[in-house]
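S.K.: I am attaching a structure below and will ask some questions about it afterwards.
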Amino acid sequence: MTAFAALHVPGSPLLLPNVWEFGTAAFLAAQGFPALGTTSLGVSAAEGEPDGAPSSKDATVRLARRLTGLDALISVDLADGFSEDPGEVGALAAELAEAGVAGINLEDALGDPVRHAAKIAAAKERAPGLFVNARTDTHWLGEPDLGTAIERSLSYVDAGADGVFVPGLAEPSDVERLVKAVGVPVNLLFLPGKVTVAALAGLGVARISLGSLPYRMALAATLRTVTAIRDGGELPLTPPSYADVAALLPESH
């Protein structure tokens, strides 16, 4: 078992903050978070590209390589692998594993589950030590059928997935059924107002991702800061100092 896999404990889930650029990741790593993930929405937005589009692949890989220098294990959101060719997805997985990445996320976008399973198998064949988190979008894209989610998840586990991710799933009885059915660590997305870390832990969830929430909260905090200054109000948060942030960055050579 890898160090990253060992963090996935049913009942004591890994809380995985998702980041979109180096500074945020360095700040969170310095606070002691043992693992960080990337967010495809945040990375794509930072690049001015559509979410998860192939045009964001290079930025995703570039960020991943930088993040592996931090004192944290890194999982990379690869959307659908940026390709329909399992061989290309396997090659990308191998490249990231060689760079020091601990895990990847691959989502099916409710496409052909056989092809998605082939992508997972290719990733595990080329990078056996990489934690492959197989995401199915049954509950994220508006088709919340638990039977379909379990069926897809099991096919991905059969293909070699180390964990399954069903974003949007929140109903406690459904979560419990999924956890019992799949036999591998279950990852869910934190949904404000719908789930809590404690409740998901009690249902046997092994990983809780924050997804694009930190990025979207950063946008909200930026707007509140600017409008507070404009309107003569108090800053909404106390920021780290310039020196504190500068100290997190690599030294120039």
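Letters for chains follow the order of the structure tokens (A, B, ...), residue numbers begin at 1 for each chain, and ligand numbers begin at 1 in the order shown.
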Enumerate, as a list in words, the complete set of residues in region 122-235 of chain A that a backbone-based DSSP assignment places in strand (DSSP E or B).

M.R.: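 Assigned to strand (DSSP E or B), within region 122-235 of chain A: Phe131, Val132, Asn133, Ala134, Arg135, Gly163, Val164, Phe165, Val186, Asn187, Leu188, Leu189, Arg207, Ile208 and Ser209 of chain A.
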
S.K.: Determine, using only C-alpha atoms, which residues of region 40-107 of chain A have any atom at most 8 Å from an atom of region 128-134 of chain A, and tabulate each with its shortest atom pair and distance in Å to one decimal place, rows ordered by chain and then rising number, as a Markdown table.

M.R.:
```
| residue | atom | partner | partner_atom | distance |
| --- | --- | --- | --- | --- |
| A:Ala93 | CA | A:Leu130 | CA | 7.8 |
| A:Ala97 | CA | A:Leu130 | CA | 6.3 |
| A:Val101 | CA | A:Leu130 | CA | 7.5 |
| A:Ala102 | CA | A:Leu130 | CA | 5.6 |
| A:Gly103 | CA | A:Phe131 | CA | 4.2 |
| A:Ile104 | CA | A:Val132 | CA | 5.2 |
| A:Asn105 | CA | A:Asn133 | CA | 4.8 |
| A:Leu106 | CA | A:Ala134 | CA | 5.3 |
| A:Glu107 | CA | A:Ala134 | CA | 6.2 |
```

S.K.: Using only C-alpha atoms, can you tell me which of A:Gly37, A:Pro250, A:Gly32, A:Gly90 comes closest to Pro17 (chain A)?

M.R.: A:Gly37

S.K.: Against region 19-30 of chain A, which residues of region 60-179 of chain A fall within 8 Å? For each one I want the closest pair of atoms and the distance in Å (one decimal), counting only C-alpha atoms, rows by chain and increasing residue number, as CSV.

M.R.:
```
residue,atom,partner,partner_atom,distance
A:Leu63,CA,A:Glu21,CA,6.8
A:Arg66,CA,A:Phe22,CA,7.1
A:Leu67,CA,A:Phe22,CA,6.5
A:Leu70,CA,A:Ala26,CA,6.6
A:Asp71,CA,A:Ala29,CA,6.2
A:Ala72,CA,A:Ala29,CA,5.9
```

S.K.: If we count only C-alpha atoms and set the cut-off at 8 Å, which residues sit around Ala94 (chain A), ignoring sequence neighbours fewer than 5 positions away in its own chain? Please answer as a JSON list (two decimals) with all heavy atoms, in the first residue's frame.

M.R.:
```json
[["chain", "number", "residue", "atom", "x", "y", "z"],
["A", 123, "ALA", "N", -4.11, 3.00, -17.38],
["A", 123, "ALA", "CA", -3.38, 3.80, -16.39],
["A", 123, "ALA", "C", -2.71, 2.90, -15.36],
["A", 123, "ALA", "O", -1.54, 3.12, -14.99],
["A", 123, "ALA", "CB", -4.34, 4.77, -15.70],
["A", 126, "ARG", "N", 0.35, 1.04, -16.92],
["A", 126, "ARG", "CA", 1.53, 1.87, -17.14],
["A", 126, "ARG", "C", 2.09, 2.45, -15.84],
["A", 126, "ARG", "O", 3.28, 2.78, -15.76],
["A", 126, "ARG", "CB", 1.19, 3.02, -18.10],
["A", 126, "ARG", "CG", 0.86, 2.59, -19.51],
["A", 126, "ARG", "CD", 2.06, 2.01, -20.25],
["A", 126, "ARG", "NE", 3.18, 2.95, -20.26],
["A", 126, "ARG", "CZ", 3.33, 3.92, -21.16],
["A", 126, "ARG", "NH1", 2.43, 4.09, -22.12],
["A", 126, "ARG", "NH2", 4.38, 4.72, -21.11],
["A", 127, "ALA", "N", 1.23, 2.61, -14.83],
["A", 127, "ALA", "CA", 1.66, 3.21, -13.56],
["A", 127, "ALA", "C", 1.00, 2.45, -12.40],
["A", 127, "ALA", "O", 0.06, 2.95, -11.77],
["A", 127, "ALA", "CB", 1.28, 4.69, -13.52]]
```

S.K.: Mind running region 89-192 of chain A against region 213-236 of chain A at 12 Å and telling me each contacting residue's nearest atom pair with the distance in Å (one decimal), counting only C-alpha atoms, chain and number ascending, as a tab-separated table?

M.R.:
```
residue	atom	partner	partner_atom	distance
A:Leu189	CA	A:Leu213	CA	9.8
A:Phe190	CA	A:Leu213	CA	8.6
A:Leu191	CA	A:Leu213	CA	8.9
A:Pro192	CA	A:Leu213	CA	9.2
```

S.K.: If we count only C-alpha atoms and set the cut-off at 9 Å, which residues sit around Ser44 (chain A), ignoring sequence neighbours fewer than 3 positions away in its own chain? Please answer as a list of chain:residue names.

M.R.: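 With the cut-off at 9 Å, the set is A:Trp20, A:Thr39, A:Ser40, A:Leu41, A:Glu47, A:Gly48, A:Glu49, A:Pro50, A:Asp51, A:Gly52, A:Ala53, A:Ser55, A:Ser56, A:Lys57, A:Ala59, A:Thr60.
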
S.K.: Which residues, written as a list in words, have at least one atom at most 9 Å from Asn187 (chain A), with only C-alpha atoms counted and residues fewer than 3 positions away on the same chain left out?

M.R.: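 That gives His8, Pro13, Leu14, Asn133, Arg135, Gly163, Val164, Phe165, Val166, Pro167, Val205, Ala206, Arg207, Ile208 and Ser209 of chain A.
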
S.K.: Atoms to include: N, CA, C and O atoms. Write the selected residues as a PDB file, in the first residue's frame.

M.R.:
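See selection_10.pdb below for the written result:
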```
ATOM      1  N   HIS A   8      -6.549   6.758   2.931  1.00  0.00           N
ATOM      2  CA  HIS A   8      -7.964   6.494   2.661  1.00  0.00           C
ATOM      3  C   HIS A   8      -8.487   5.472   3.666  1.00  0.00           C
ATOM      4  O   HIS A   8      -8.402   4.265   3.448  1.00  0.00           O
ATOM      5  N   PRO A  13     -12.057   9.659   7.142  1.00  0.00           N
ATOM      6  CA  PRO A  13     -11.736  10.001   5.757  1.00  0.00           C
ATOM      7  C   PRO A  13     -10.655  11.066   5.601  1.00  0.00           C
ATOM      8  O   PRO A  13     -10.493  11.954   6.433  1.00  0.00           O
ATOM      9  N   LEU A  14      -9.929  10.930   4.495  1.00  0.00           N
ATOM     10  CA  LEU A  14      -8.988  11.957   4.065  1.00  0.00           C
ATOM     11  C   LEU A  14      -9.780  13.152   3.558  1.00  0.00           C
ATOM     12  O   LEU A  14     -10.617  13.017   2.657  1.00  0.00           O
ATOM     13  N   ASN A 133      -8.431   7.017  -8.962  1.00  0.00           N
ATOM     14  CA  ASN A 133      -9.752   7.270  -8.410  1.00  0.00           C
ATOM     15  C   ASN A 133     -10.730   7.361  -9.581  1.00  0.00           C
ATOM     16  O   ASN A 133     -10.638   8.286 -10.398  1.00  0.00           O
ATOM     17  N   ARG A 135     -14.101   8.112 -11.214  1.00  0.00           N
ATOM     18  CA  ARG A 135     -15.302   8.923 -10.963  1.00  0.00           C
ATOM     19  C   ARG A 135     -16.405   8.551 -11.946  1.00  0.00           C
ATOM     20  O   ARG A 135     -16.173   8.449 -13.153  1.00  0.00           O
ATOM     21  N   GLY A 163     -10.032   3.340  -6.028  1.00  0.00           N
ATOM     22  CA  GLY A 163     -11.122   3.965  -5.298  1.00  0.00           C
ATOM     23  C   GLY A 163     -12.167   4.437  -6.283  1.00  0.00           C
ATOM     24  O   GLY A 163     -11.913   4.505  -7.494  1.00  0.00           O
ATOM     25  N   VAL A 164     -13.371   4.738  -5.786  1.00  0.00           N
ATOM     26  CA  VAL A 164     -14.432   5.251  -6.649  1.00  0.00           C
ATOM     27  C   VAL A 164     -14.942   6.573  -6.080  1.00  0.00           C
ATOM     28  O   VAL A 164     -14.953   6.789  -4.867  1.00  0.00           O
ATOM     29  N   PHE A 165     -15.371   7.438  -6.986  1.00  0.00           N
ATOM     30  CA  PHE A 165     -15.793   8.792  -6.648  1.00  0.00           C
ATOM     31  C   PHE A 165     -17.147   9.034  -7.297  1.00  0.00           C
ATOM     32  O   PHE A 165     -17.281   8.928  -8.523  1.00  0.00           O
ATOM     33  N   VAL A 166     -18.150   9.342  -6.472  1.00  0.00           N
ATOM     34  CA  VAL A 166     -19.494   9.610  -6.978  1.00  0.00           C
ATOM     35  C   VAL A 166     -19.912  10.993  -6.499  1.00  0.00           C
ATOM     36  O   VAL A 166     -20.637  11.128  -5.503  1.00  0.00           O
ATOM     37  N   PRO A 167     -19.447  12.050  -7.164  1.00  0.00           N
ATOM     38  CA  PRO A 167     -19.821  13.402  -6.725  1.00  0.00           C
ATOM     39  C   PRO A 167     -21.321  13.622  -6.863  1.00  0.00           C
ATOM     40  O   PRO A 167     -21.948  13.149  -7.813  1.00  0.00           O
ATOM     41  N   VAL A 205     -17.257   6.522   4.522  1.00  0.00           N
ATOM     42  CA  VAL A 205     -16.548   7.187   3.426  1.00  0.00           C
ATOM     43  C   VAL A 205     -15.065   7.314   3.768  1.00  0.00           C
ATOM     44  O   VAL A 205     -14.706   7.555   4.930  1.00  0.00           O
ATOM     45  N   ALA A 206     -14.210   7.147   2.775  1.00  0.00           N
ATOM     46  CA  ALA A 206     -12.765   7.136   3.014  1.00  0.00           C
ATOM     47  C   ALA A 206     -12.056   8.396   2.527  1.00  0.00           C
ATOM     48  O   ALA A 206     -10.887   8.608   2.866  1.00  0.00           O
ATOM     49  N   ARG A 207     -12.746   9.209   1.733  1.00  0.00           N
ATOM     50  CA  ARG A 207     -12.124  10.438   1.215  1.00  0.00           C
ATOM     51  C   ARG A 207     -13.206  11.449   0.900  1.00  0.00           C
ATOM     52  O   ARG A 207     -14.249  11.099   0.345  1.00  0.00           O
ATOM     53  N   ILE A 208     -12.966  12.696   1.274  1.00  0.00           N
ATOM     54  CA  ILE A 208     -13.906  13.778   1.006  1.00  0.00           C
ATOM     55  C   ILE A 208     -13.154  14.866   0.251  1.00  0.00           C
ATOM     56  O   ILE A 208     -12.213  15.464   0.774  1.00  0.00           O
ATOM     57  N   SER A 209     -13.551  15.087  -0.989  1.00  0.00           N
ATOM     58  CA  SER A 209     -12.901  16.106  -1.822  1.00  0.00           C
ATOM     59  C   SER A 209     -13.671  17.419  -1.734  1.00  0.00           C
ATOM     60  O   SER A 209     -14.896  17.433  -1.601  1.00  0.00           O
TER      61      SER A 209
END
```

S.K.: To one decimal place, how far is CA of Phe33 (chain A) from CA of Val184 (chain A) in Å?

M.R.: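 So the two atoms, CA of Phe33 (chain A) and CA of Val184 (chain A), lie 22.9 Å apart.
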
S.K.: Using Å and a single decimal, report how far CA of Met1 (chain A) sits from CA of Arg62 (chain A).

M.R.: 26.8 Å

S.K.: Got a sec to tell me which of region 52-188 of chain A DSSP assigns to alpha helix (DSSP H), as a PyMOL selection string?

M.R.: chain A and resi 57-67+86-99+113-126+146-158+172-182

S.K.: Please provide as a list in words all residues within 7 Å of Leu73 (chain A), with the sequence filter that same-chain residues fewer than 6 positions apart are discarded (counting only C-alpha atoms).

M.R.: Phe4, Pro34, Ala35, Leu36 and Ala102 of chain A

S.K.: Enumerate, in order of chain and increasing residue number, the residues of region 112-139 of chain A with an atom no farther than 9 Å from region 148-156 of chain A, each with its shortest atom pair and distance in Å to one decimal, counting only C-alpha atoms, as JSON lines.

M.R.:
```
{"residue": "A:Pro113", "atom": "CA", "partner": "A:Arg152", "partner_atom": "CA", "distance": 6.5}
{"residue": "A:Val114", "atom": "CA", "partner": "A:Ser155", "partner_atom": "CA", "distance": 8.0}
{"residue": "A:His116", "atom": "CA", "partner": "A:Tyr156", "partner_atom": "CA", "distance": 7.6}
{"residue": "A:Ala117", "atom": "CA", "partner": "A:Tyr156", "partner_atom": "CA", "distance": 5.2}
{"residue": "A:Ala118", "atom": "CA", "partner": "A:Tyr156", "partner_atom": "CA", "distance": 8.7}
{"residue": "A:Ile120", "atom": "CA", "partner": "A:Tyr156", "partner_atom": "CA", "distance": 7.0}
{"residue": "A:Ala121", "atom": "CA", "partner": "A:Tyr156", "partner_atom": "CA", "distance": 8.4}
{"residue": "A:Ala134", "atom": "CA", "partner": "A:Tyr156", "partner_atom": "CA", "distance": 6.5}
{"residue": "A:Arg135", "atom": "CA", "partner": "A:Ser153", "partner_atom": "CA", "distance": 7.8}
{"residue": "A:Thr136", "atom": "CA", "partner": "A:Ala149", "partner_atom": "CA", "distance": 6.6}
{"residue": "A:Asp137", "atom": "CA", "partner": "A:Ala149", "partner_atom": "CA", "distance": 7.9}
{"residue": "A:Thr138", "atom": "CA", "partner": "A:Ala149", "partner_atom": "CA", "distance": 5.9}
{"residue": "A:His139", "atom": "CA", "partner": "A:Ala149", "partner_atom": "CA", "distance": 7.9}
```

S.K.: Just to be explicit: take each residue in the selection above, keep all heavy atoms, and write the result as a tab-separated table (two decimals), in the first residue's frame.

M.R.:
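And here's result.tsv as it stands now:
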```tsv
chain	number	residue	atom	x	y	z
A	113	PRO	N	-19.03	3.20	-20.41
A	113	PRO	CA	-18.29	2.67	-19.26
A	113	PRO	C	-17.20	1.68	-19.66
A	113	PRO	O	-16.21	1.52	-18.95
A	113	PRO	CB	-19.38	2.01	-18.41
A	113	PRO	CG	-20.49	1.72	-19.36
A	113	PRO	CD	-20.45	2.80	-20.39
A	114	VAL	N	-17.37	1.00	-20.78
A	114	VAL	CA	-16.35	0.06	-21.24
A	114	VAL	C	-15.08	0.81	-21.64
A	114	VAL	O	-13.96	0.41	-21.29
A	114	VAL	CB	-16.87	-0.78	-22.42
A	114	VAL	CG1	-15.76	-1.68	-22.97
A	114	VAL	CG2	-18.07	-1.63	-21.98
A	116	HIS	N	-14.24	3.75	-20.52
A	116	HIS	CA	-13.66	4.33	-19.31
A	116	HIS	C	-12.88	3.28	-18.53
A	116	HIS	O	-11.81	3.55	-18.00
A	116	HIS	CB	-14.75	4.94	-18.43
A	116	HIS	CG	-14.22	5.87	-17.37
A	116	HIS	ND1	-13.54	7.03	-17.67
A	116	HIS	CD2	-14.25	5.80	-16.01
A	116	HIS	CE1	-13.18	7.62	-16.56
A	116	HIS	NE2	-13.59	6.90	-15.54
A	117	ALA	N	-13.44	2.08	-18.47
A	117	ALA	CA	-12.72	0.99	-17.80
A	117	ALA	C	-11.40	0.70	-18.50
A	117	ALA	O	-10.39	0.40	-17.84
A	117	ALA	CB	-13.59	-0.27	-17.78
A	118	ALA	N	-11.38	0.82	-19.82
A	118	ALA	CA	-10.14	0.60	-20.57
A	118	ALA	C	-9.11	1.68	-20.24
A	118	ALA	O	-7.90	1.39	-20.16
A	118	ALA	CB	-10.43	0.58	-22.07
A	120	ILE	N	-8.87	3.21	-17.35
A	120	ILE	CA	-8.39	2.88	-16.00
A	120	ILE	C	-7.38	1.75	-16.07
A	120	ILE	O	-6.31	1.80	-15.44
A	120	ILE	CB	-9.58	2.50	-15.10
A	120	ILE	CG1	-10.46	3.73	-14.85
A	120	ILE	CG2	-9.11	1.90	-13.78
A	120	ILE	CD1	-11.84	3.40	-14.31
A	121	ALA	N	-7.71	0.71	-16.84
A	121	ALA	CA	-6.80	-0.43	-16.97
A	121	ALA	C	-5.46	0.01	-17.56
A	121	ALA	O	-4.39	-0.44	-17.12
A	121	ALA	CB	-7.44	-1.51	-17.84
A	134	ALA	N	-11.64	6.40	-9.68
A	134	ALA	CA	-12.55	6.34	-10.82
A	134	ALA	C	-13.85	7.07	-10.48
A	134	ALA	O	-14.59	6.65	-9.59
A	134	ALA	CB	-12.83	4.89	-11.18
A	135	ARG	N	-14.10	8.11	-11.21
A	135	ARG	CA	-15.30	8.92	-10.96
A	135	ARG	C	-16.41	8.55	-11.95
A	135	ARG	O	-16.17	8.45	-13.15
A	135	ARG	CB	-14.94	10.40	-11.12
A	135	ARG	CG	-16.14	11.34	-11.18
A	135	ARG	CD	-15.70	12.78	-11.19
A	135	ARG	NE	-16.74	13.65	-11.73
A	135	ARG	CZ	-16.70	14.97	-11.69
A	135	ARG	NH1	-15.67	15.60	-11.13
A	135	ARG	NH2	-17.68	15.69	-12.21
A	136	THR	N	-17.61	8.35	-11.41
A	136	THR	CA	-18.78	8.21	-12.26
A	136	THR	C	-19.73	9.38	-11.97
A	136	THR	O	-19.92	9.77	-10.81
A	136	THR	CB	-19.49	6.86	-12.07
A	136	THR	OG1	-20.59	6.79	-12.99
A	136	THR	CG2	-20.01	6.66	-10.65
A	137	ASP	N	-20.30	9.92	-13.04
A	137	ASP	CA	-21.06	11.17	-12.93
A	137	ASP	C	-22.56	10.95	-12.91
A	137	ASP	O	-23.33	11.85	-13.29
A	137	ASP	CB	-20.67	12.10	-14.07
A	137	ASP	CG	-19.28	12.69	-13.87
A	137	ASP	OD1	-19.07	13.30	-12.81
A	137	ASP	OD2	-18.42	12.53	-14.74
A	138	THR	N	-23.00	9.80	-12.45
A	138	THR	CA	-24.43	9.52	-12.39
A	138	THR	C	-25.19	10.58	-11.60
A	138	THR	O	-26.28	11.02	-12.00
A	138	THR	CB	-24.69	8.15	-11.76
A	138	THR	OG1	-24.01	8.08	-10.49
A	138	THR	CG2	-24.21	7.03	-12.66
A	139	HIS	N	-24.62	11.00	-10.48
A	139	HIS	CA	-25.32	11.94	-9.60
A	139	HIS	C	-24.90	13.39	-9.86
A	139	HIS	O	-25.53	14.31	-9.33
A	139	HIS	CB	-25.08	11.58	-8.14
A	139	HIS	CG	-25.78	10.33	-7.72
A	139	HIS	ND1	-25.46	9.08	-8.23
A	139	HIS	CD2	-26.82	10.12	-6.86
A	139	HIS	CE1	-26.25	8.18	-7.70
A	139	HIS	NE2	-27.08	8.78	-6.87
```

S.K.: So, counting only C-alpha atoms, which residue among A:Glu98, A:Leu188, A:Ala45, A:Val9 is closest to Trp140 (chain A)?

M.R.: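 Checking each of A:Glu98, A:Leu188, A:Ala45, A:Val9 against Trp140 (chain A), counting only C-alpha atoms, the winner is A:Leu188.
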